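Source file run.cif; content: mmCIF, C-alpha atoms and all ligand atoms.
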data_input
#
loop_
_atom_site.label_atom_id
_atom_site.label_comp_id
_atom_site.auth_asym_id
_atom_site.auth_seq_id
_atom_site.Cartn_x
_atom_site.Cartn_y
_atom_site.Cartn_z
CA MET A 295 8.32 -19.07 -25.02
CA PRO A 296 9.40 -16.65 -22.30
CA GLY A 297 8.41 -13.03 -22.93
CA SER A 298 10.76 -10.08 -22.96
CA PRO A 299 12.15 -9.26 -19.51
CA VAL A 300 11.60 -5.57 -20.24
CA VAL A 301 8.26 -4.80 -18.64
CA GLY A 302 7.79 -1.13 -19.36
CA GLU A 303 8.99 2.37 -18.74
CA PHE A 304 9.29 4.09 -15.37
CA LEU A 305 8.54 7.80 -14.95
CA SER A 306 10.40 10.20 -12.67
CA PHE A 307 9.47 13.68 -11.50
CA ASP A 308 11.37 15.43 -14.31
CA ASP A 309 9.57 13.39 -16.98
CA VAL A 310 6.21 15.03 -16.26
CA VAL A 311 4.60 18.40 -15.69
CA VAL A 312 1.40 19.38 -13.90
CA VAL A 313 -1.29 20.12 -16.50
CA PRO A 314 -3.12 23.39 -15.68
CA GLY A 315 -6.84 22.88 -15.01
CA LEU A 316 -9.90 25.00 -14.26
CA ALA A 317 -9.64 26.22 -10.69
CA SER A 318 -12.68 27.06 -8.59
CA VAL A 319 -10.80 28.49 -5.60
CA GLU A 320 -7.83 30.80 -5.06
CA PRO A 321 -4.53 29.08 -4.23
CA SER A 322 -4.60 30.48 -0.68
CA SER A 323 -7.84 28.54 -0.07
CA VAL A 324 -6.49 25.23 -1.34
CA ASP A 325 -6.57 22.58 1.40
CA ILE A 326 -3.22 20.81 1.16
CA SER A 327 -3.78 18.57 4.18
CA GLY A 328 -2.80 14.94 3.73
CA ARG A 329 -2.04 11.84 5.75
CA LEU A 330 1.00 9.89 6.92
CA SER A 331 -1.17 6.93 7.89
CA ALA A 332 -4.88 6.15 7.90
CA GLY A 333 -5.44 7.96 11.20
CA ARG A 334 -2.68 10.57 11.11
CA ARG A 335 -3.79 13.74 9.37
CA LEU A 336 -1.16 16.35 8.48
CA ALA A 337 -2.04 19.99 7.80
CA VAL A 338 1.15 20.15 5.72
CA PRO A 339 1.64 16.74 4.08
CA VAL A 340 5.36 16.42 4.66
CA ALA A 341 7.44 14.04 6.81
CA SER A 342 11.16 14.16 7.52
CA ALA A 343 13.08 10.98 6.74
CA PRO A 344 14.40 8.72 9.51
CA MET A 345 18.10 9.35 8.89
CA ASP A 346 20.85 9.90 11.45
CA THR A 347 21.91 13.25 10.00
CA VAL A 348 18.30 14.47 9.84
CA THR A 349 15.58 13.54 12.33
CA GLY A 350 15.89 13.67 16.12
CA TRP A 351 13.47 15.16 18.67
CA ARG A 352 14.30 18.77 17.77
CA LEU A 353 13.34 18.58 14.09
CA ALA A 354 10.40 16.29 14.91
CA ALA A 355 9.02 18.79 17.46
CA LEU A 356 9.34 21.73 15.08
CA LEU A 357 7.67 19.85 12.22
CA ALA A 358 4.74 18.73 14.38
CA ARG A 359 4.24 22.30 15.67
CA ALA A 360 4.09 23.48 12.06
CA GLY A 361 1.57 20.82 10.94
CA ALA A 362 3.98 18.29 9.45
CA ILE A 363 5.70 15.33 11.21
CA GLY A 364 9.16 13.89 11.86
CA VAL A 365 10.21 10.25 11.82
CA ILE A 366 12.91 9.61 14.47
CA HIS A 367 15.74 7.54 12.99
CA ARG A 368 16.75 4.16 14.44
CA ASN A 369 20.55 4.33 14.39
CA MET A 370 20.60 4.26 18.18
CA SER A 371 19.72 1.96 21.04
CA VAL A 372 16.07 1.24 21.83
CA ASP A 373 16.34 3.26 25.05
CA GLU A 374 17.74 6.26 23.20
CA GLN A 375 15.03 6.16 20.54
CA VAL A 376 12.35 5.85 23.23
CA ALA A 377 13.87 8.91 24.98
CA GLU A 378 13.68 10.89 21.71
CA VAL A 379 9.98 10.06 21.35
CA ARG A 380 9.32 11.01 24.99
CA ARG A 381 11.18 14.29 24.53
CA VAL A 382 8.90 15.27 21.63
CA LYS A 383 5.87 14.37 23.74
CA ASN A 384 7.10 16.65 26.54
CA GLU A 385 7.70 19.66 24.29
CA SER A 386 5.28 22.56 24.09
CA PRO A 387 2.87 22.00 21.18
CA SER A 388 2.60 25.71 20.43
CA ILE A 389 4.19 27.11 17.31
CA TRP A 390 5.02 30.15 19.43
CA ALA A 391 7.57 28.01 21.23
CA GLU A 392 9.55 28.35 17.99
CA ILE A 393 9.66 32.12 18.10
CA PRO A 394 8.47 34.65 20.66
CA LYS A 395 5.53 36.86 19.90
CA ALA A 396 5.09 40.47 20.94
CA GLY A 397 1.99 42.59 21.36
CA PRO A 398 1.96 45.89 19.41
CA GLY A 399 1.96 47.93 22.60
CA GLU A 400 4.66 46.03 24.49
CA PRO A 401 7.39 48.34 25.84
CA LEU A 402 10.64 47.81 23.99
CA ALA A 403 12.68 47.32 27.16
CA SER A 404 10.53 44.43 28.37
CA LEU A 405 10.48 42.84 24.89
CA GLU A 406 14.26 43.11 24.65
CA MET A 407 14.62 41.52 28.05
CA ARG A 408 12.31 38.62 27.13
CA LEU A 409 14.18 38.00 23.89
CA GLU A 410 17.52 38.17 25.65
CA GLU A 411 16.34 35.57 28.18
CA ALA A 412 15.01 33.31 25.42
CA GLY A 413 18.23 33.70 23.41
CA ALA A 414 16.08 34.82 20.47
CA GLY A 415 17.05 37.33 17.80
CA ALA A 416 13.53 38.24 16.72
CA ALA A 417 9.84 38.24 17.60
CA VAL A 418 6.73 38.39 15.48
CA VAL A 419 4.39 41.24 16.29
CA VAL A 420 0.84 39.95 16.62
CA ASP A 421 -2.29 42.06 16.83
CA GLY A 422 -5.74 40.51 17.01
CA GLY A 423 -4.45 37.11 15.88
CA VAL A 424 -2.81 38.60 12.77
CA ILE A 425 0.95 38.87 12.28
CA ARG A 426 1.58 42.58 11.73
CA GLY A 427 5.34 42.49 11.43
CA VAL A 428 8.64 41.21 12.65
CA TYR A 429 10.83 42.76 15.35
CA LEU A 430 14.54 42.13 14.80
CA ARG A 431 16.94 42.83 17.65
CA ARG A 432 19.69 45.28 16.88
CA GLY A 433 23.27 44.15 17.31
CA VAL A 434 22.21 40.47 17.33
CA ASP A 435 22.74 38.12 14.38
CA ALA A 436 19.08 37.67 13.49
CA GLY A 437 19.61 35.70 10.25
CA TYR A 438 18.23 32.42 11.56
CA TRP A 439 15.52 34.12 13.62
CA ALA A 440 14.53 36.42 10.78
CA GLY A 441 14.09 33.33 8.57
CA LYS A 442 11.90 31.70 11.19
CA ALA A 443 9.78 34.82 11.64
CA GLU A 444 9.30 35.15 7.88
CA ALA A 445 8.38 31.45 7.62
CA LEU A 446 5.80 31.85 10.36
CA ARG A 447 4.30 34.84 8.57
CA VAL A 448 4.04 32.80 5.33
CA LEU A 449 2.47 29.88 7.21
CA TYR A 450 -0.14 32.16 8.75
CA GLU A 451 -0.93 33.64 5.35
CA THR A 452 -1.32 30.25 3.70
CA VAL A 453 -2.41 27.29 5.79
CA ARG A 454 -2.55 28.84 9.29
CA PRO A 455 -0.34 26.43 11.21
CA GLU A 456 -2.30 23.66 12.82
CA PRO A 457 -0.04 21.46 14.94
CA THR A 458 -0.01 17.71 14.47
CA LEU A 459 -1.27 16.48 17.84
CA ASP A 460 -2.12 13.18 19.47
CA ASP A 461 -5.37 12.52 21.36
CA TYR A 462 -3.89 14.05 24.52
CA GLY A 463 -2.95 17.33 22.85
CA ARG A 464 0.76 16.45 22.72
CA LEU A 465 2.88 16.74 19.60
CA ALA A 466 2.62 13.72 17.31
CA VAL A 467 5.77 11.87 16.37
CA ALA A 468 6.70 8.88 14.24
CA ALA A 469 9.69 6.56 14.60
CA ALA A 470 11.51 4.13 12.35
CA VAL A 471 11.76 0.38 13.00
CA SER A 472 13.08 -2.63 11.19
CA PRO A 473 10.34 -5.15 10.37
CA PHE A 474 12.41 -7.70 12.32
CA ASP A 475 12.67 -5.63 15.50
CA VAL A 476 9.38 -6.33 17.28
CA GLY A 477 10.97 -5.53 20.67
CA ARG A 478 11.90 -2.01 19.56
CA ALA A 479 8.44 -1.50 18.05
CA LYS A 480 6.77 -2.48 21.33
CA ALA A 481 9.02 -0.19 23.39
CA LEU A 482 8.27 2.76 21.10
CA ASP A 483 4.59 1.91 21.21
CA GLU A 484 4.59 1.94 24.99
CA ALA A 485 6.36 5.31 24.94
CA GLY A 486 3.42 6.74 22.99
CA VAL A 487 4.78 6.90 19.45
CA ASP A 488 1.97 7.77 17.05
CA VAL A 489 3.15 6.01 13.91
CA LEU A 490 5.82 3.37 13.33
CA VAL A 491 7.52 3.68 9.95
CA VAL A 492 9.12 0.52 8.65
CA ASP A 493 12.57 1.25 7.39
CA VAL A 494 14.07 -1.27 4.99
CA ALA A 495 15.29 -0.78 1.45
CA HIS A 496 13.34 -3.75 0.04
CA LEU A 497 10.31 -4.79 2.09
CA HIS A 498 9.02 -7.07 -0.65
CA ASN A 499 10.72 -10.09 0.89
CA ARG A 500 8.86 -13.05 2.38
CA GLU A 501 10.74 -13.15 5.66
CA ALA A 502 10.45 -9.37 6.16
CA LEU A 503 6.72 -9.38 5.37
CA HIS A 504 5.93 -12.25 7.76
CA SER A 505 7.90 -10.55 10.49
CA LEU A 506 6.06 -7.30 9.74
CA ALA A 507 2.73 -9.11 10.05
CA ARG A 508 3.73 -10.14 13.58
CA LEU A 509 4.94 -6.62 14.42
CA VAL A 510 1.65 -5.04 13.32
CA ARG A 511 -0.30 -7.40 15.57
CA GLU A 512 1.88 -6.60 18.60
CA VAL A 513 1.52 -2.78 18.64
CA SER A 514 -1.33 -0.32 18.97
CA ALA A 515 0.42 2.42 16.93
CA GLU A 516 -0.31 2.56 13.23
CA VAL A 517 2.36 1.06 10.99
CA VAL A 518 3.50 2.49 7.66
CA ALA A 519 5.20 -0.22 5.59
CA GLY A 520 8.11 0.34 3.25
CA ASN A 521 9.93 0.68 1.10
CA LEU A 522 7.93 -0.63 -1.79
CA GLY A 523 7.94 0.19 -5.48
CA THR A 524 5.78 -2.21 -7.44
CA ARG A 525 2.11 -3.10 -7.68
CA GLU A 526 2.94 -6.71 -6.71
CA GLY A 527 4.94 -5.50 -3.73
CA VAL A 528 1.95 -3.58 -2.43
CA LEU A 529 -0.49 -6.45 -3.05
CA ASP A 530 1.78 -8.95 -1.26
CA THR A 531 2.36 -6.55 1.65
CA LEU A 532 -1.35 -5.98 2.20
CA SER A 533 -2.20 -9.66 1.92
CA ILE A 534 0.58 -10.88 4.27
CA ALA A 535 0.79 -7.99 6.75
CA GLU A 536 -2.85 -7.31 7.47
CA GLY A 537 -3.62 -4.03 9.19
CA VAL A 538 -0.83 -1.96 7.63
CA ALA A 539 -1.97 1.70 7.81
CA GLY A 540 0.18 3.28 5.12
CA LEU A 541 2.74 2.57 2.40
CA ARG A 542 6.14 4.21 2.08
CA VAL A 543 7.12 4.00 -1.58
CA GLY A 544 10.14 4.76 -3.76
CA ILE A 545 13.22 2.64 -4.34
CA SER A 546 16.58 4.28 -4.84
CA SER A 547 15.41 7.76 -5.78
CA GLY A 548 16.93 9.47 -2.76
CA SER A 549 19.62 12.09 -3.23
CA ILE A 550 22.14 9.95 -1.31
CA CYS A 551 21.08 6.58 -2.80
CA LEU A 552 23.56 4.29 -4.47
CA THR A 553 21.24 1.30 -4.84
CA GLY A 554 20.40 2.18 -8.43
CA GLU A 555 24.09 2.17 -9.25
CA VAL A 556 25.47 -0.72 -7.25
CA ALA A 557 22.47 -3.03 -7.60
CA GLY A 558 20.89 -1.58 -10.74
CA ALA A 559 17.52 -1.68 -8.99
CA SER A 560 15.13 1.26 -8.76
CA VAL A 561 11.55 2.35 -8.93
CA PRO A 562 11.63 6.15 -9.16
CA THR A 563 9.35 7.69 -6.55
CA LEU A 564 6.73 9.04 -8.99
CA GLN A 565 6.41 5.62 -10.62
CA ALA A 566 6.30 3.90 -7.24
CA VAL A 567 3.32 6.11 -6.30
CA LEU A 568 1.56 5.26 -9.58
CA ASN A 569 2.20 1.54 -9.03
CA ALA A 570 0.98 1.65 -5.43
CA ARG A 571 -2.13 3.56 -6.46
CA SER A 572 -2.95 1.00 -9.11
CA ALA A 573 -2.68 -1.82 -6.53
CA LEU A 574 -4.79 0.07 -3.99
CA GLU A 575 -7.45 0.91 -6.59
CA GLU A 576 -7.63 -2.75 -7.49
CA LEU A 577 -8.41 -3.46 -3.82
CA GLY A 578 -10.74 -0.48 -3.44
CA LEU A 579 -8.35 0.95 -0.83
CA HIS A 580 -6.93 4.07 -2.48
CA GLY A 581 -7.54 6.95 -0.09
CA ARG A 582 -7.97 4.57 2.83
CA VAL A 583 -4.37 3.34 2.98
CA PRO A 584 -2.21 6.44 2.40
CA ILE A 585 0.78 6.40 0.09
CA VAL A 586 3.88 8.29 1.29
CA ALA A 587 6.19 9.29 -1.58
CA ASP A 588 9.76 8.90 -0.34
CA GLY A 589 13.00 9.94 -2.03
CA GLY A 590 14.04 12.50 -4.60
CA ILE A 591 11.69 15.31 -3.50
CA ARG A 592 13.57 18.55 -4.24
CA ASN A 593 10.84 21.18 -4.13
CA PRO A 594 7.06 21.72 -3.87
CA GLY A 595 6.72 20.94 -7.59
CA ASP A 596 7.99 17.38 -7.07
CA ALA A 597 5.75 17.04 -4.02
CA ALA A 598 2.71 18.23 -6.01
CA LYS A 599 3.42 15.70 -8.78
CA ALA A 600 3.58 12.93 -6.15
CA LEU A 601 0.26 14.04 -4.62
CA ILE A 602 -1.48 14.28 -7.99
CA ALA A 603 -0.14 10.80 -8.84
CA GLY A 604 -1.97 9.48 -5.77
CA ALA A 605 0.19 10.09 -2.68
CA SER A 606 -1.17 11.48 0.60
CA ALA A 607 2.16 12.85 1.85
CA VAL A 608 5.80 13.13 0.86
CA MET A 609 8.93 12.23 2.82
CA GLY A 610 12.22 14.05 2.44
CA GLY A 611 15.75 13.78 3.76
CA ARG A 612 17.75 16.25 1.72
CA ILE A 613 15.18 19.06 1.95
CA PHE A 614 15.67 19.02 5.75
CA ALA A 615 19.32 17.94 6.01
CA GLY A 616 20.72 21.47 5.72
CA THR A 617 18.43 22.97 8.35
CA GLU A 618 19.39 24.20 11.81
CA GLU A 619 17.17 21.58 13.47
CA ALA A 620 18.59 18.61 11.52
CA LEU A 621 20.86 16.35 13.60
CA ALA A 622 24.24 16.91 11.96
CA PRO A 623 26.39 19.81 13.22
CA LYS A 624 27.20 22.77 10.96
CA VAL A 625 30.62 22.79 9.33
CA SER A 626 32.39 25.66 7.61
CA VAL A 627 34.13 25.00 4.30
CA GLY A 628 35.81 27.87 2.46
CA GLY A 629 33.84 30.41 4.49
CA ARG A 630 30.47 28.82 3.71
CA LEU A 631 28.27 26.80 6.06
CA TYR A 632 27.22 23.22 5.30
CA LYS A 633 25.78 20.23 7.13
CA PRO A 634 26.82 16.60 6.59
CA TYR A 635 24.17 14.35 5.05
CA ARG A 636 24.55 10.62 4.53
CA GLY A 637 22.55 7.64 3.31
CA MET A 638 21.51 5.13 5.96
CA ALA A 639 23.23 2.42 3.94
CA SER A 640 26.44 4.44 3.65
CA ARG A 641 29.57 3.07 5.31
CA GLY A 642 29.44 5.58 8.20
CA ALA A 643 25.73 5.10 8.96
CA MET A 644 25.97 1.30 8.86
CA ALA A 645 28.96 1.34 11.22
CA ALA A 646 27.05 3.60 13.63
CA ARG A 647 24.05 1.25 13.56
CA TYR A 648 26.01 -1.85 14.47
CA ALA A 649 27.75 0.05 17.24
CA ALA A 650 24.43 1.29 18.67
CA ASP A 651 22.32 -1.83 18.29
CA ARG A 652 23.89 -5.26 18.44
CA TYR A 653 20.60 -6.77 17.30
CA SER A 654 20.62 -4.88 14.01
CA LYS A 655 20.74 -7.15 11.01
CA PRO A 656 23.91 -6.81 8.93
CA SER A 657 22.04 -7.61 5.74
CA LYS A 658 24.37 -6.29 3.10
CA ALA A 659 28.07 -6.30 2.55
CA ILE A 660 28.09 -3.33 0.18
CA GLU A 661 27.41 0.33 0.65
CA GLU A 662 24.22 1.57 -0.99
CA GLY A 663 24.44 5.19 0.07
CA VAL A 664 26.84 8.12 -0.10
CA GLU A 665 28.05 10.64 2.48
CA GLY A 666 28.27 14.31 1.58
CA LEU A 667 27.49 17.89 2.52
CA VAL A 668 24.50 20.10 1.80
CA PRO A 669 24.38 23.90 2.15
CA TYR A 670 23.14 25.20 5.50
CA ARG A 671 19.70 26.77 5.01
CA GLY A 672 18.48 28.14 8.34
CA SER A 673 15.38 26.90 10.14
CA ALA A 674 13.31 23.94 8.90
CA LEU A 675 10.28 26.17 9.46
CA GLY A 676 11.31 27.84 6.18
CA VAL A 677 11.13 24.48 4.38
CA VAL A 678 7.63 23.83 5.72
CA ALA A 679 6.46 27.32 4.73
CA GLU A 680 7.91 26.93 1.23
CA MET A 681 6.25 23.52 0.86
CA ALA A 682 2.89 24.83 2.09
CA ALA A 683 2.86 27.88 -0.20
CA GLY A 684 4.29 25.94 -3.16
CA LEU A 685 1.80 23.08 -2.82
CA GLN A 686 -1.10 25.52 -2.69
CA ALA A 687 0.14 27.16 -5.88
CA ALA A 688 0.73 23.82 -7.63
CA LEU A 689 -2.65 22.33 -6.73
CA GLY A 690 -4.18 25.67 -7.76
CA TYR A 691 -2.64 25.27 -11.22
CA ALA A 692 -3.94 21.71 -11.35
CA GLY A 693 -7.45 23.06 -10.69
CA ALA A 694 -7.78 21.15 -7.42
CA SER A 695 -9.00 22.54 -4.11
CA SER A 696 -7.73 19.59 -2.03
CA VAL A 697 -5.43 16.59 -2.28
CA ARG A 698 -8.40 14.27 -2.80
CA GLU A 699 -9.60 16.47 -5.66
CA ALA A 700 -6.07 16.46 -7.08
CA TRP A 701 -6.30 12.64 -7.32
CA GLU A 702 -9.54 12.94 -9.28
CA LYS A 703 -8.99 16.03 -11.42
CA GLY A 704 -5.21 16.44 -11.51
CA ARG A 705 -3.39 15.55 -14.70
CA LEU A 706 0.30 15.00 -15.42
CA ALA A 707 1.76 15.08 -18.93
CA ARG A 708 5.07 13.79 -20.19
CA VAL A 709 7.53 16.37 -21.48
CA THR A 710 10.28 15.98 -24.02
CA ALA A 711 13.94 16.72 -23.24
CA SER A 712 13.65 20.06 -25.05
CA GLY A 713 10.51 20.86 -23.05
CA ARG A 714 12.38 20.14 -19.84
CA ALA A 715 15.14 22.55 -20.85
CA GLU A 716 12.58 25.24 -21.74
CA ILE A 717 10.80 24.94 -18.38
CA ARG A 718 13.89 25.91 -16.40
CA PRO A 719 15.23 29.48 -16.34
CA HIS A 720 17.23 29.84 -19.56
CA ASP A 721 19.03 32.39 -21.73
CA VAL A 722 19.68 34.73 -18.83
CA ILE A 723 22.70 35.07 -16.58
CA LEU A 724 21.39 34.15 -13.18
CA GLY A 725 22.39 36.55 -10.41
P1 LIG A 801 16.06 12.38 -0.29
O1 LIG A 801 16.11 12.48 -1.78
O2 LIG A 801 14.91 13.11 0.31
O3 LIG A 801 15.84 10.82 0.02
O4 LIG A 801 17.36 12.77 0.31
C1 LIG A 801 15.65 10.30 1.31
C2 LIG A 801 15.28 8.82 1.25
O5 LIG A 801 16.37 8.05 0.69
C3 LIG A 801 16.31 6.71 1.19
N1 LIG A 801 17.63 6.36 1.71
C4 LIG A 801 18.52 5.59 1.06
N2 LIG A 801 18.44 4.95 -0.11
N3 LIG A 801 20.66 4.19 0.17
C5 LIG A 801 19.52 4.21 -0.55
O6 LIG A 801 19.48 3.59 -1.63
C6 LIG A 801 20.82 4.80 1.38
O7 LIG A 801 21.87 4.76 2.00
C7 LIG A 801 19.68 5.54 1.84
N4 LIG A 801 19.46 6.25 2.97
C8 LIG A 801 18.19 6.75 2.85
C9 LIG A 801 15.24 6.69 2.27
O8 LIG A 801 14.07 6.11 1.70
C10 LIG A 801 15.07 8.16 2.59
O9 LIG A 801 13.82 8.44 3.15
#

The structure given in the file should be rewritten as structure tokens.
Ligand code: XMP
Amino acid sequence: MPGSPVVGEFLSFDDVVVVPGLASVEPSSVDISGRLSAGRRLAVPVASAPMDTVTGWRLAALLARAGAIGVIHRNMSVDEQVAEVRRVKNESPSIWAEIPKAGPGEPLASLEMRLEEAGAGAAVVVDGGVIRGVYLRRGVDAGYWAGKAEALRVLYETVRPEPTLDDYGRLAVAAAVSPFDVGRAKALDEAGVDVLVVDVAHLHNREALHSLARLVREVSAEVVAGNLGTREGVLDTLSIAEGVAGLRVGISSGSICLTGEVAGASVPTLQAVLNARSALEELGLHGRVPIVADGGIRNPGDAAKALIAGASAVMGGRIFAGTEEALAPKVSVGGRLYKPYRGMASRGAMAARYAADRYSKPSKAIEEGVEGLVPYRGSALGVVAEMAAGLQAALGYAGASSVREAWEKGRLARVTASGRAEIRPHDVILG
């Protein structure tokens, strides 16, 4: 007799809380470093999603300078994507390229002139390697620059930014590929891409996995495979596509995803991490093949839950979509600033892909993503600083001094609906 088709219950970020544990170090000493792939360490374990309103060379360069990484989207020709990778490689790896620094004794006139030339509205004042303050130019709109300077100060107080570099001291960068596009993968590899991130909604497909196996053999860059959601998906991927160096997991949890609605299919990101971990533990590979939690990350709390569940890094689209460095241009609506953000399976993104790349595979006739706007939020450096400080605090609560320790000691507990309501600010009028 066939069993019930209902196989269990899937957990999402809001279903659980981080259980406080005995901490042996202060939050500011917590090592939050993680990995995008087996060989790609990240001081801040965050990657920006390969989406055509989010990651181009500018965001990727900023993230690598700050210790995270960007994944260049693939809604463009091979030559254009190669040029984006090369551009990141040619950028200055120093975080100071993001914002000028000033010595405490520097004459104001010369500082003003330097800032004017750089088109910058602020500088951080550094003395003996310590950020002493922020200089804001008068009569210049320093909003964006002030945010950057503050973010840099927070980064120095928490993780001390440590850029993500390749073996030649250049900024590291990742790029998205389809598992069927071996030609694109080889071109990106030759251009010096550090990590190739496979970018399909449902990798657990025989044809896709066999093609991926070929792709992995043809390139020297590490390959992160995704998206996956189940234990079986991970086991099949690792047995067919030998040499995969990371797993991108989460199905239809993204803020712009429609898959869960139009196809009814989903593995929420937290559950996808738990499933991947269970498969990797079965193979004795957890910790050796990193898990990247992709989709639905709203804040450091979600990221911490993903890490405790077994991930080595998180990937986000929406958290970066509203930033200055994201690809989409700012728009003003009713006096407020926004940036467009769209799913890569939305009508607009799919049309752009077929226009840019005639070899792209028109796999689906329906839209599985939405197009919308997100509030403008200044520099992406602020997002990295918030993630770094928030992850240190969260792992501190969990009683862990590193991500690896969070896997061993960290605990998550389910909360009831009333518990969820109680956790959020309540019974006050928020200003
Ligand atoms: P967040 O929540 O960070 O999610 O905005 C980003 C992730 O969402 C996935 N993605 C999609 N999923 N339809 C989907 O079902 C889409 O059109 C789509 N576009 C992106 C992707 O995994 C991304 O990293």

(Q) Taking all atoms listed in the file and a cut-off of 8 Å, can you tell me which residues surround ligand LIG 801 (chain A), written as a PyMOL selection string? (A) chain A and resi 342-345+493+495+521+543-554+588-592+609-613+615+636-640+643+661-664

Q | Distance of atom CA of Val489 of chain A from atom CA of Leu685 of chain A, expressed in Å to one decimal place | A | 23.9 Å

Q: May I ask which of the residues A:Leu446, A:Leu336, A:Leu459, A:Ala570 is the closest one to Glu385 of chain A, counting all atoms listed in the file?
A: A:Leu459

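Between atom CA of Pro299 of chain A and atom CA of His580 of chain A the interatomic distance comes to 28.8 Å.
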
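Taking atom CA of Trp701 of chain A as the reference point, atom CA of Gly581 of chain A is found at 9.3 Å.
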
Determine, counting only C-alpha atoms, which protein, DNA and RNA residues have an atom within 9 Å of an atom of Val668 of chain A; residues of the same chain fewer than 5 positions away are not included. Present the result as a PDB file with C-alpha atoms, in the coordinates of the input.
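Result file follows (result-v4.pdb):
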ATOM      1  CA  ARG A 612      17.750  16.250   1.720  1.00  0.00           C
ATOM      2  CA  ALA A 615      19.320  17.940   6.010  1.00  0.00           C
ATOM      3  CA  GLY A 616      20.720  21.470   5.720  1.00  0.00           C
ATOM      4  CA  LEU A 631      28.270  26.800   6.060  1.00  0.00           C
ATOM      5  CA  TYR A 632      27.220  23.220   5.300  1.00  0.00           C
ATOM      6  CA  LYS A 633      25.780  20.230   7.130  1.00  0.00           C
ATOM      7  CA  PRO A 634      26.820  16.600   6.590  1.00  0.00           C
ATOM      8  CA  TYR A 635      24.170  14.350   5.050  1.00  0.00           C
TER       9      TYR A 635
END

Q. Within 9 Å of Glu526 of chain A, counting all atoms listed in the file, which residues qualify if same-chain residues fewer than 2 places away don't, as JSON, numbers by chain?
A. {"A": [498, 523, 524, 528, 529, 530, 531, 569, 570, 573]}

(Q) Counting all atoms listed in the file, which residues sit no farther than 9 Å from the position (-12.6, 23.9, -5.7) in the file's frame? I'd like them as a ChimeraX atom specification. (A) /A:317-320,323-324,690,693-696,699

Find the residues of segment 445-502 of chain A that sit at most 7 Å from segment 676-682 of chain A; for each, write down the nearest two atoms and how far apart they are in Å, to one decimal. Count only C-alpha atoms. Sort by chain, then by number going up, and give it as CSV.
residue,atom,partner,partner_atom,distance
A:Ala445,CA,A:Gly676,CA,4.9
A:Val448,CA,A:Ala679,CA,6.0
A:Leu449,CA,A:Ala679,CA,5.4
A:Val453,CA,A:Ala682,CA,6.9

**Q.** Within 10 Å of Arg447 of chain A using only C-alpha atoms, minus same-chain residues under 5 positions, as a PyMOL selection string
**A.** chain A and resi 418+424-428+441-442+452+454-455+679

(Q) If we count only C-alpha atoms and set the cut-off at 6 Å, which residues sit around Arg542 of chain A, ignoring sequence neighbours fewer than 6 positions away in its own chain? Please answer as a PyMOL selection string. (A) chain A and resi 519-521+586

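Nearest-residue note for Gly713 of chain A: choosing from A:Asp309, A:Arg582, A:Val300, A:Arg571, the minimum distance belongs to A:Asp309, counting all atoms listed in the file.
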
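Using only C-alpha atoms, the smallest distance between any of A:Ile326, A:Val382, A:Leu430, A:Ala687 and Leu402 of chain A comes from A:Leu430.
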
Q.
At a cut-off of 8 Å, using only C-alpha atoms, what residues contact Ile393 of chain A? Leave out same-chain residues fewer than 6 positions from it and give the result as a PyMOL selection string.
A. chain A and resi 414+416-418+439+442-443

Those residues with C-alpha atoms, as a PDB file, keeping the file's coordinate frame please?
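Dumped everything to result09.pdb:
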ATOM      1  CA  ALA A 414      16.080  34.820  20.470  1.00  0.00           C
ATOM      2  CA  ALA A 416      13.530  38.240  16.720  1.00  0.00           C
ATOM      3  CA  ALA A 417       9.840  38.240  17.600  1.00  0.00           C
ATOM      4  CA  VAL A 418       6.730  38.390  15.480  1.00  0.00           C
ATOM      5  CA  TRP A 439      15.520  34.120  13.620  1.00  0.00           C
ATOM      6  CA  LYS A 442      11.900  31.700  11.190  1.00  0.00           C
ATOM      7  CA  ALA A 443       9.780  34.820  11.640  1.00  0.00           C
TER       8      ALA A 443
END

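The smallest atom-to-atom distance between Thr347 of chain A and any of A:Val487, A:Ala622, A:Leu509, A:Ile366, using all atoms listed in the file, is found for A:Ala622.
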
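Minimum atom-to-atom distance to Gly604 of chain A, evaluated using all atoms listed in the file, belongs to A:Gly328 out of A:Gly328, A:Gly413, A:Ala468, A:Ala646.
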
Q. Closest to Gln686 of chain A among A:Gly302, A:Pro669, A:Pro398, A:Pro339, using only C-alpha atoms?
A. A:Pro339
